[in-house]
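Heads up, query_6.txt below (compact mmCIF, C-alpha atoms):
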```txt
# COMPACT_ATOMS: atom_id res chain seq x y z
CA MET A 1 21.74 -110.99 63.51
CA LYS A 2 21.24 -107.26 63.95
CA ARG A 3 23.88 -104.90 65.31
CA GLY A 4 23.55 -101.91 67.56
CA TYR A 5 24.30 -100.12 70.82
CA VAL A 6 22.51 -99.67 74.15
CA LEU A 7 21.32 -96.08 74.61
CA HIS A 8 19.77 -96.67 78.03
CA HIS A 9 18.45 -99.46 80.24
CA ARG A 10 16.61 -99.79 83.50
CA PRO A 11 15.21 -102.62 85.67
CA TYR A 12 11.94 -104.11 84.46
CA ARG A 13 9.99 -106.55 86.63
CA GLU A 14 11.98 -109.41 88.18
CA SER A 15 15.38 -110.25 86.68
CA SER A 16 14.69 -108.29 83.47
CA ALA A 17 15.56 -104.92 81.98
CA LEU A 18 13.89 -102.50 79.62
CA VAL A 19 16.59 -101.70 77.04
CA ASN A 20 16.57 -98.89 74.49
CA LEU A 21 18.72 -99.83 71.51
CA LEU A 22 20.03 -97.95 68.48
CA VAL A 23 19.85 -100.56 65.73
CA ASP A 24 21.59 -100.47 62.36
CA GLY A 25 19.11 -99.91 59.54
CA ILE A 26 16.17 -99.40 61.89
CA GLY A 27 16.72 -96.69 64.50
CA ARG A 28 15.52 -96.87 68.08
CA VAL A 29 14.12 -100.21 69.27
CA ASP A 30 12.84 -100.87 72.80
CA VAL A 31 13.20 -104.44 74.07
CA VAL A 32 12.71 -106.44 77.23
CA ALA A 33 15.78 -108.49 78.11
CA ARG A 34 16.15 -111.25 80.68
CA ILE A 35 19.36 -110.48 82.56
CA GLY A 36 20.06 -114.01 83.77
CA SER A 37 22.51 -114.95 86.49
CA GLY A 38 25.98 -116.39 86.92
CA LYS A 39 27.88 -117.17 83.73
CA ARG A 40 24.71 -116.73 81.69
CA SER A 41 24.12 -113.17 82.82
CA ILE A 42 24.22 -110.53 80.07
CA LYS A 43 24.60 -107.68 82.55
CA SER A 44 28.29 -107.11 81.73
CA ILE A 45 27.64 -106.45 78.03
CA LEU A 46 24.32 -104.64 78.40
CA GLN A 47 26.16 -101.32 78.74
CA PRO A 48 26.51 -98.10 76.73
CA PHE A 49 29.29 -97.94 74.09
CA GLN A 50 29.45 -101.74 73.84
CA PRO A 51 29.02 -102.93 70.22
CA LEU A 52 26.43 -105.71 70.19
CA ILE A 53 24.83 -108.23 67.87
CA PHE A 54 21.42 -109.57 68.77
CA GLU A 55 18.01 -110.82 67.76
CA PHE A 56 14.59 -109.82 69.05
CA SER A 57 10.99 -110.76 68.45
CA ASP A 58 9.09 -108.48 66.11
CA LYS A 59 5.53 -108.93 67.31
CA SER A 60 4.85 -105.66 69.13
CA GLU A 61 6.21 -102.15 69.76
CA LEU A 62 7.95 -103.41 72.93
CA LYS A 63 9.94 -106.36 71.65
CA THR A 64 11.63 -109.26 73.46
CA LEU A 65 15.37 -109.80 73.19
CA THR A 66 15.99 -113.41 72.23
CA GLN A 67 19.77 -113.46 71.71
CA ILE A 68 22.64 -111.06 72.38
CA GLU A 69 26.44 -111.06 72.46
CA ALA A 70 29.32 -108.62 72.27
CA ALA A 71 30.43 -107.88 68.73
CA ALA A 72 33.73 -106.24 69.77
CA PRO A 73 35.35 -104.72 72.86
CA ALA A 74 33.55 -101.69 74.29
CA VAL A 75 34.56 -98.34 72.80
CA PRO A 76 36.91 -96.84 75.43
CA LEU A 77 35.65 -93.36 76.35
CA SER A 78 37.03 -91.26 79.19
CA GLY A 79 37.18 -87.63 80.30
CA HIS A 80 35.48 -85.17 77.95
CA SER A 81 34.80 -87.96 75.47
CA LEU A 82 32.85 -89.96 78.04
CA TYR A 83 30.59 -87.03 78.82
CA ALA A 84 30.19 -86.41 75.09
CA GLY A 85 29.09 -90.02 74.61
CA MET A 86 26.62 -89.68 77.48
CA TYR A 87 25.30 -86.49 75.88
CA ILE A 88 24.77 -88.21 72.51
CA ASN A 89 22.95 -91.12 74.15
CA GLU A 90 20.68 -88.82 76.13
CA LEU A 91 20.02 -86.66 73.08
CA LEU A 92 18.93 -89.67 71.03
CA MET A 93 16.78 -90.98 73.87
CA ARG A 94 15.03 -87.62 74.28
CA THR A 95 14.34 -87.03 70.59
CA LEU A 96 13.95 -90.44 68.96
CA SER A 97 10.87 -92.59 69.44
CA VAL A 98 10.26 -96.11 68.16
CA GLN A 99 8.09 -94.56 65.46
CA HIS A 100 11.08 -92.75 63.90
CA ASN A 101 12.78 -94.76 61.18
CA ALA A 102 16.26 -93.35 61.79
CA GLU A 103 18.04 -95.94 59.68
CA ALA A 104 21.14 -93.88 58.90
CA LEU A 105 22.03 -92.89 62.47
CA PHE A 106 23.80 -96.10 63.50
CA LEU A 107 26.93 -95.63 61.37
CA ILE A 108 27.13 -91.91 62.22
CA TYR A 109 26.79 -92.76 65.92
CA HIS A 110 29.41 -95.52 65.68
CA ARG A 111 31.89 -93.27 63.87
CA ALA A 112 31.34 -90.54 66.47
CA LEU A 113 32.17 -92.94 69.31
CA VAL A 114 35.30 -94.18 67.55
CA GLY A 115 36.36 -90.59 66.89
CA LEU A 116 35.73 -89.58 70.50
CA ALA A 117 37.78 -92.54 71.72
CA ALA A 118 40.72 -91.26 69.69
CA ASP A 119 40.40 -87.61 70.71
CA PHE A 120 37.60 -85.30 71.84
CA CYS A 121 36.51 -82.63 69.38
CA GLN A 122 33.34 -80.58 69.59
CA SER A 123 32.72 -81.00 65.86
CA GLN A 124 31.88 -84.68 66.39
CA LEU A 125 28.86 -83.66 68.47
CA ARG A 126 27.69 -81.23 65.81
CA TYR A 127 27.75 -83.91 63.11
CA VAL A 128 25.63 -86.27 65.21
CA GLU A 129 23.19 -83.46 66.01
CA LEU A 130 22.98 -82.55 62.33
CA ALA A 131 22.33 -86.15 61.27
CA LEU A 132 19.65 -86.48 63.94
CA LEU A 133 17.88 -83.29 62.85
CA GLN A 134 18.02 -84.39 59.22
CA GLU A 135 16.57 -87.80 60.08
CA LEU A 136 13.73 -86.09 61.95
CA GLY A 137 13.08 -83.71 59.05
CA ALA A 138 13.84 -80.72 61.29
CA MET A 139 16.90 -79.33 59.50
CA PRO A 140 16.62 -76.89 56.57
CA SER A 141 19.02 -76.94 53.65
CA LEU A 142 22.59 -76.01 54.47
CA SER A 143 23.56 -75.60 50.84
CA ARG A 144 20.81 -73.29 49.49
CA ASP A 145 18.95 -70.29 50.86
CA THR A 146 15.18 -69.71 50.98
CA GLN A 147 15.28 -68.50 47.35
CA GLY A 148 16.99 -71.65 46.15
CA GLU A 149 20.33 -69.91 45.60
CA ALA A 150 23.58 -71.58 46.63
CA LEU A 151 25.00 -70.28 49.90
CA ILE A 152 28.02 -67.99 49.54
CA PRO A 153 30.77 -68.46 52.17
CA GLU A 154 31.30 -64.71 52.74
CA ASP A 155 27.60 -63.86 53.11
CA TYR A 156 25.37 -64.11 56.19
CA TYR A 157 22.04 -65.86 56.44
CA GLN A 158 19.24 -65.58 58.95
CA LEU A 159 17.44 -68.71 60.09
CA ILE A 160 13.72 -68.35 59.37
CA PRO A 161 11.77 -71.08 61.22
CA GLU A 162 10.18 -73.65 58.89
CA LEU A 163 11.63 -71.90 55.82
CA GLY A 164 15.40 -72.05 56.01
CA PHE A 165 18.28 -69.60 55.73
CA GLN A 166 17.58 -66.18 54.22
CA PHE A 167 20.29 -63.80 53.02
CA VAL A 168 20.80 -60.75 55.26
CA LEU A 169 23.11 -57.74 54.96
CA ASN A 170 23.53 -57.35 58.72
CA SER A 171 25.88 -59.98 60.12
CA ARG A 172 24.63 -59.13 63.63
CA ALA A 173 20.99 -59.85 62.82
CA ARG A 174 19.26 -62.27 65.15
CA ASN A 175 19.84 -65.93 64.20
CA ALA A 176 22.37 -64.90 61.54
CA TYR A 177 25.11 -67.33 60.52
CA GLN A 178 27.96 -67.04 58.05
CA GLY A 179 27.65 -69.09 54.89
CA ALA A 180 31.12 -70.54 55.42
CA MET A 181 30.05 -72.19 58.69
CA LEU A 182 26.80 -73.54 57.23
CA ILE A 183 28.62 -75.03 54.26
CA ALA A 184 31.33 -76.52 56.49
CA LEU A 185 28.69 -78.05 58.77
CA ASN A 186 26.90 -79.54 55.78
CA ASP A 187 30.19 -81.04 54.54
CA ASN A 188 31.35 -82.25 57.98
CA GLN A 189 34.34 -79.92 57.69
CA LEU A 190 33.95 -77.65 60.71
CA VAL A 191 37.08 -75.92 62.01
CA GLU A 192 37.62 -74.19 65.34
CA GLU A 193 36.50 -70.76 64.13
CA HIS A 194 33.06 -72.29 63.34
CA PHE A 195 32.54 -74.03 66.68
CA LEU A 196 30.75 -71.29 68.59
CA SER A 197 28.22 -70.41 65.87
CA ALA A 198 27.64 -74.08 64.96
CA LYS A 199 26.91 -74.85 68.60
CA ARG A 200 24.51 -71.89 68.76
CA LEU A 201 22.70 -73.09 65.65
CA MET A 202 22.36 -76.68 66.86
CA ARG A 203 21.14 -75.56 70.28
CA SER A 204 18.50 -73.41 68.59
CA MET A 205 17.36 -76.24 66.32
CA LEU A 206 17.25 -78.87 69.07
CA GLN A 207 15.46 -76.77 71.70
CA PRO A 208 11.92 -77.34 70.34
CA LEU A 209 12.57 -81.10 70.32
CA LEU A 210 14.08 -81.23 73.81
CA GLY A 211 11.64 -78.91 75.58
CA THR A 212 12.49 -77.19 78.85
CA LYS A 213 13.78 -80.20 80.79
CA PRO A 214 17.59 -79.85 81.10
CA LEU A 215 19.89 -82.58 79.83
CA LEU A 216 21.41 -84.53 82.73
CA SER A 217 24.63 -85.19 80.80
CA ARG A 218 25.26 -81.44 80.47
CA GLN A 219 24.71 -80.93 84.18
CA LEU A 220 27.10 -83.78 85.04
CA PHE A 221 29.73 -82.44 82.66
CA GLN A 222 29.51 -78.91 84.00
CA SER A 223 29.57 -79.92 87.67
CA ALA A 224 32.42 -82.43 87.29
CA LEU A 225 34.66 -80.41 84.99
CA MET A 226 33.83 -76.78 85.72
CA SER A 227 37.31 -76.21 87.12
CA LYS A 228 38.75 -77.27 83.76
CA TYR A 229 36.08 -75.53 81.67
CA ASP A 230 37.02 -74.72 78.09
CA GLY A 231 34.39 -72.85 76.09
CA ASN A 232 35.42 -74.59 72.87
CA ASN A 233 34.80 -77.99 74.47
CA SER A 234 31.38 -77.28 76.00
CA LEU A 235 28.71 -79.91 75.44
CA GLU A 236 26.04 -77.22 75.11
```
Rewrite the structure of this file - the entire thing - as structure tokens.
Amino acid sequence: MKRGYVLHHRPYRESSALVNLLVDGIGRVDVVARIGSGKRSIKSILQPFQPLIFEFSDKSELKTLTQIEAAAPAVPLSGHSLYAGMYINELLMRTLSVQHNAEALFLIYHRALVGLAADFCQSQLRYVELALLQELGAMPSLSRDTQGEALIPEDYYQLIPELGFQFVLNSRARNAYQGAMLIALNDNQLVEEHFLSAKRLMRSMLQPLLGTKPLLSRQLFQSALMSKYDGNNSLE
């Protein structure tokens, strides 16, 4: 049996659904699932943030779900954490295709959900974004500069597209980031003083992959919680 989570699903023909799964050791898998009816219906577990175990046929790119059941209670997300979970799901849907072998993302995704259920922190989003970019081969080294030298916490580095981070004297140079933040991001050790620049870096790195179409989860978050807006907790 394989394990995973539902990223998204929608109706497909009569009494079926097209389900996009994040599968441990594989990455994104798209399957057709028969919903069923009555006590045999799987509708109640075919939901985001519900840990699942399942089997599917492996004969084509669009596979057929043959067995599925809940592996554990759904991860309880609410408030900011719920919107963060929606953001992560939408981000993975927009950037991952079935051709990407994103084997390592499942555990990172699972740990992020568990962390968000305990308490929302913006750093959890950055770690998922970083892992995604690394899986897609779109993230330069966060430990060495373009000359192969180890990053120094006190120094600043400018992001050079397709090359990496280059040392700069001017901390206000365009796309400049402090070494301390880059190192902390690489080590999953971000602290509050890093949040703003880490968010700016991730937004810059993800933009080419996302294109110009806005993320619905961001719009929902901003419209529903604008009155309680906290810049350090923004999903952007």
Checklist entry - Suppose you want the space between atom CA of A:Leu105 and atom CA of A:Pro48; what is it in Å? => result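 Atom CA of A:Pro48 lies 15.8 Å from atom CA of A:Leu105.
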Item to check | Shortest interatomic distance to A:Glu193 - which of A:Leu91, A:Met139, A:Arg10, A:Gln122, counting all atoms listed in the file | outcome: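 Of all the options, A:Gln122 lies closest to A:Glu193.
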Next on the checklist: With all atoms listed in the file as the counted atoms, please give the residues lying no more than 9 Å from A:Leu7, apart from itself and same-chain residues fewer than 5 positions off, as a list of chain:residue names.
Outcome noted: A:Val19, A:Asn20, A:Leu21, A:Leu22, A:Arg28, A:Gln47, A:Pro48, A:Phe49, A:Met86, A:Ile88, A:Asn89, A:Glu90, A:Leu92, A:Met93
Checklist entry - In Å, how far is it from atom CA of A:Asp119 to atom CA of A:Asp24? => result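 Rounded to one decimal, the two atoms are 24.3 Å apart.
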Checklist entry - Which residues, written as a list of chain:residue names, have at least one atom at most 10 Å from A:Ile160, with only C-alpha atoms counted and residues fewer than 2 positions away on the same chain left out? => result A:Pro140, A:Thr146, A:Tyr157, A:Gln158, A:Glu162, A:Leu163, A:Gly164, A:Phe165, A:Gln166, A:Asn175, A:Ala176
Checklist entry - By how many Å are atom CA of A:Ala118 and atom CA of A:Phe106 apart? => result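 Straight-line distance from atom CA of A:Ala118 to atom CA of A:Phe106 works out to 18.7 Å.
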Item to check | Long-range neighbours of A:Pro208 as a PyMOL selection string, 12 Å cut-off, only C-alpha atoms, 5 positions minimum in chain | outcome: chain A and resi 94-95+133+138+161+202-203+213
Write the selection just made, keeping C-alpha atoms, as a tab-separated table (two decimals), keeping the file's coordinate frame?
```tsv
chain	number	residue	atom	x	y	z
A	94	ARG	CA	15.03	-87.62	74.28
A	95	THR	CA	14.34	-87.03	70.59
A	133	LEU	CA	17.88	-83.29	62.85
A	138	ALA	CA	13.84	-80.72	61.29
A	161	PRO	CA	11.77	-71.08	61.22
A	202	MET	CA	22.36	-76.68	66.86
A	203	ARG	CA	21.14	-75.56	70.28
A	213	LYS	CA	13.78	-80.20	80.79
```
Checklist entry - Using all atoms listed in the file, which of the listed residues (A:Gly25, A:Tyr127, A:Pro76, A:Leu142) sits closest to A:His100? => result A:Gly25
Next on the checklist: Restricting the calculation to only C-alpha atoms: of A:Ala173, A:Leu220, A:Ala131, A:Leu62, which residue gets closest to A:Leu185?
Outcome noted: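 The shortest atom-to-atom distance to A:Leu185 comes from A:Ala131.
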Checklist outcome for this item: Restricting to all atoms listed in the file, whichever of A:Leu18, A:Glu135, A:Ser123, A:His80 is closest to A:Asp187 is A:Ser123
Next on the checklist: Show me, as a PyMOL selection string, the residues that have an atom within 12 Å of A:Tyr177 when counting all atoms listed in the file, minus same-chain residues fewer than 4 positions from it.
Outcome noted: chain A and resi 142+145+151-160+164-173+181-185+194-202
Could you rebuild stretch 166-182 of chain A with N, CA, C and O atoms and give it back as a PDB file, in the coordinates of the input?
```pdb
ATOM      1  N   GLN A 166      17.860 -67.310  55.102  1.00  0.00           N
ATOM      2  CA  GLN A 166      17.580 -66.180  54.220  1.00  0.00           C
ATOM      3  C   GLN A 166      18.736 -65.195  54.266  1.00  0.00           C
ATOM      4  O   GLN A 166      19.198 -64.824  55.348  1.00  0.00           O
ATOM      5  N   PHE A 167      19.176 -64.752  53.103  1.00  0.00           N
ATOM      6  CA  PHE A 167      20.290 -63.800  53.020  1.00  0.00           C
ATOM      7  C   PHE A 167      19.969 -62.516  53.774  1.00  0.00           C
ATOM      8  O   PHE A 167      18.860 -61.972  53.677  1.00  0.00           O
ATOM      9  N   VAL A 168      20.944 -62.024  54.555  1.00  0.00           N
ATOM     10  CA  VAL A 168      20.800 -60.750  55.260  1.00  0.00           C
ATOM     11  C   VAL A 168      22.086 -59.946  55.089  1.00  0.00           C
ATOM     12  O   VAL A 168      23.179 -60.505  54.977  1.00  0.00           O
ATOM     13  N   LEU A 169      21.941 -58.615  55.065  1.00  0.00           N
ATOM     14  CA  LEU A 169      23.110 -57.740  54.960  1.00  0.00           C
ATOM     15  C   LEU A 169      23.808 -57.553  56.301  1.00  0.00           C
ATOM     16  O   LEU A 169      25.026 -57.388  56.369  1.00  0.00           O
ATOM     17  N   ASN A 170      23.006 -57.601  57.382  1.00  0.00           N
ATOM     18  CA  ASN A 170      23.530 -57.350  58.720  1.00  0.00           C
ATOM     19  C   ASN A 170      24.019 -58.644  59.358  1.00  0.00           C
ATOM     20  O   ASN A 170      23.220 -59.529  59.688  1.00  0.00           O
ATOM     21  N   SER A 171      25.318 -58.756  59.536  1.00  0.00           N
ATOM     22  CA  SER A 171      25.880 -59.980  60.120  1.00  0.00           C
ATOM     23  C   SER A 171      25.501 -60.154  61.584  1.00  0.00           C
ATOM     24  O   SER A 171      25.651 -61.249  62.138  1.00  0.00           O
ATOM     25  N   ARG A 172      25.020 -59.062  62.224  1.00  0.00           N
ATOM     26  CA  ARG A 172      24.630 -59.130  63.630  1.00  0.00           C
ATOM     27  C   ARG A 172      23.133 -59.329  63.809  1.00  0.00           C
ATOM     28  O   ARG A 172      22.613 -59.235  64.924  1.00  0.00           O
ATOM     29  N   ALA A 173      22.429 -59.600  62.725  1.00  0.00           N
ATOM     30  CA  ALA A 173      20.990 -59.850  62.820  1.00  0.00           C
ATOM     31  C   ALA A 173      20.747 -61.099  63.665  1.00  0.00           C
ATOM     32  O   ALA A 173      21.585 -62.008  63.742  1.00  0.00           O
ATOM     33  N   ARG A 174      19.597 -61.130  64.314  1.00  0.00           N
ATOM     34  CA  ARG A 174      19.260 -62.270  65.150  1.00  0.00           C
ATOM     35  C   ARG A 174      19.229 -63.552  64.317  1.00  0.00           C
ATOM     36  O   ARG A 174      18.712 -63.549  63.196  1.00  0.00           O
ATOM     37  N   ASN A 175      19.789 -64.629  64.873  1.00  0.00           N
ATOM     38  CA  ASN A 175      19.840 -65.930  64.200  1.00  0.00           C
ATOM     39  C   ASN A 175      20.553 -65.864  62.858  1.00  0.00           C
ATOM     40  O   ASN A 175      20.185 -66.555  61.915  1.00  0.00           O
ATOM     41  N   ALA A 176      21.595 -65.010  62.768  1.00  0.00           N
ATOM     42  CA  ALA A 176      22.370 -64.900  61.540  1.00  0.00           C
ATOM     43  C   ALA A 176      23.639 -65.752  61.640  1.00  0.00           C
ATOM     44  O   ALA A 176      24.302 -65.788  62.686  1.00  0.00           O
ATOM     45  N   TYR A 177      23.953 -66.448  60.552  1.00  0.00           N
ATOM     46  CA  TYR A 177      25.110 -67.330  60.520  1.00  0.00           C
ATOM     47  C   TYR A 177      25.848 -67.136  59.200  1.00  0.00           C
ATOM     48  O   TYR A 177      25.229 -66.941  58.144  1.00  0.00           O
ATOM     49  N   GLN A 178      27.173 -67.216  59.258  1.00  0.00           N
ATOM     50  CA  GLN A 178      27.960 -67.040  58.050  1.00  0.00           C
ATOM     51  C   GLN A 178      27.823 -68.262  57.153  1.00  0.00           C
ATOM     52  O   GLN A 178      27.794 -69.406  57.617  1.00  0.00           O
ATOM     53  N   GLY A 179      27.768 -67.999  55.850  1.00  0.00           N
ATOM     54  CA  GLY A 179      27.650 -69.090  54.890  1.00  0.00           C
ATOM     55  C   GLY A 179      28.774 -70.104  55.003  1.00  0.00           C
ATOM     56  O   GLY A 179      28.560 -71.306  54.831  1.00  0.00           O
ATOM     57  N   ALA A 180      29.972 -69.637  55.312  1.00  0.00           N
ATOM     58  CA  ALA A 180      31.120 -70.540  55.420  1.00  0.00           C
ATOM     59  C   ALA A 180      30.892 -71.610  56.485  1.00  0.00           C
ATOM     60  O   ALA A 180      31.239 -72.783  56.290  1.00  0.00           O
ATOM     61  N   MET A 181      30.321 -71.220  57.627  1.00  0.00           N
ATOM     62  CA  MET A 181      30.050 -72.190  58.690  1.00  0.00           C
ATOM     63  C   MET A 181      28.966 -73.167  58.262  1.00  0.00           C
ATOM     64  O   MET A 181      29.092 -74.379  58.479  1.00  0.00           O
ATOM     65  N   LEU A 182      27.892 -72.679  57.644  1.00  0.00           N
ATOM     66  CA  LEU A 182      26.800 -73.540  57.230  1.00  0.00           C
ATOM     67  C   LEU A 182      27.274 -74.574  56.206  1.00  0.00           C
ATOM     68  O   LEU A 182      26.918 -75.759  56.283  1.00  0.00           O
TER      69      LEU A 182
END
```
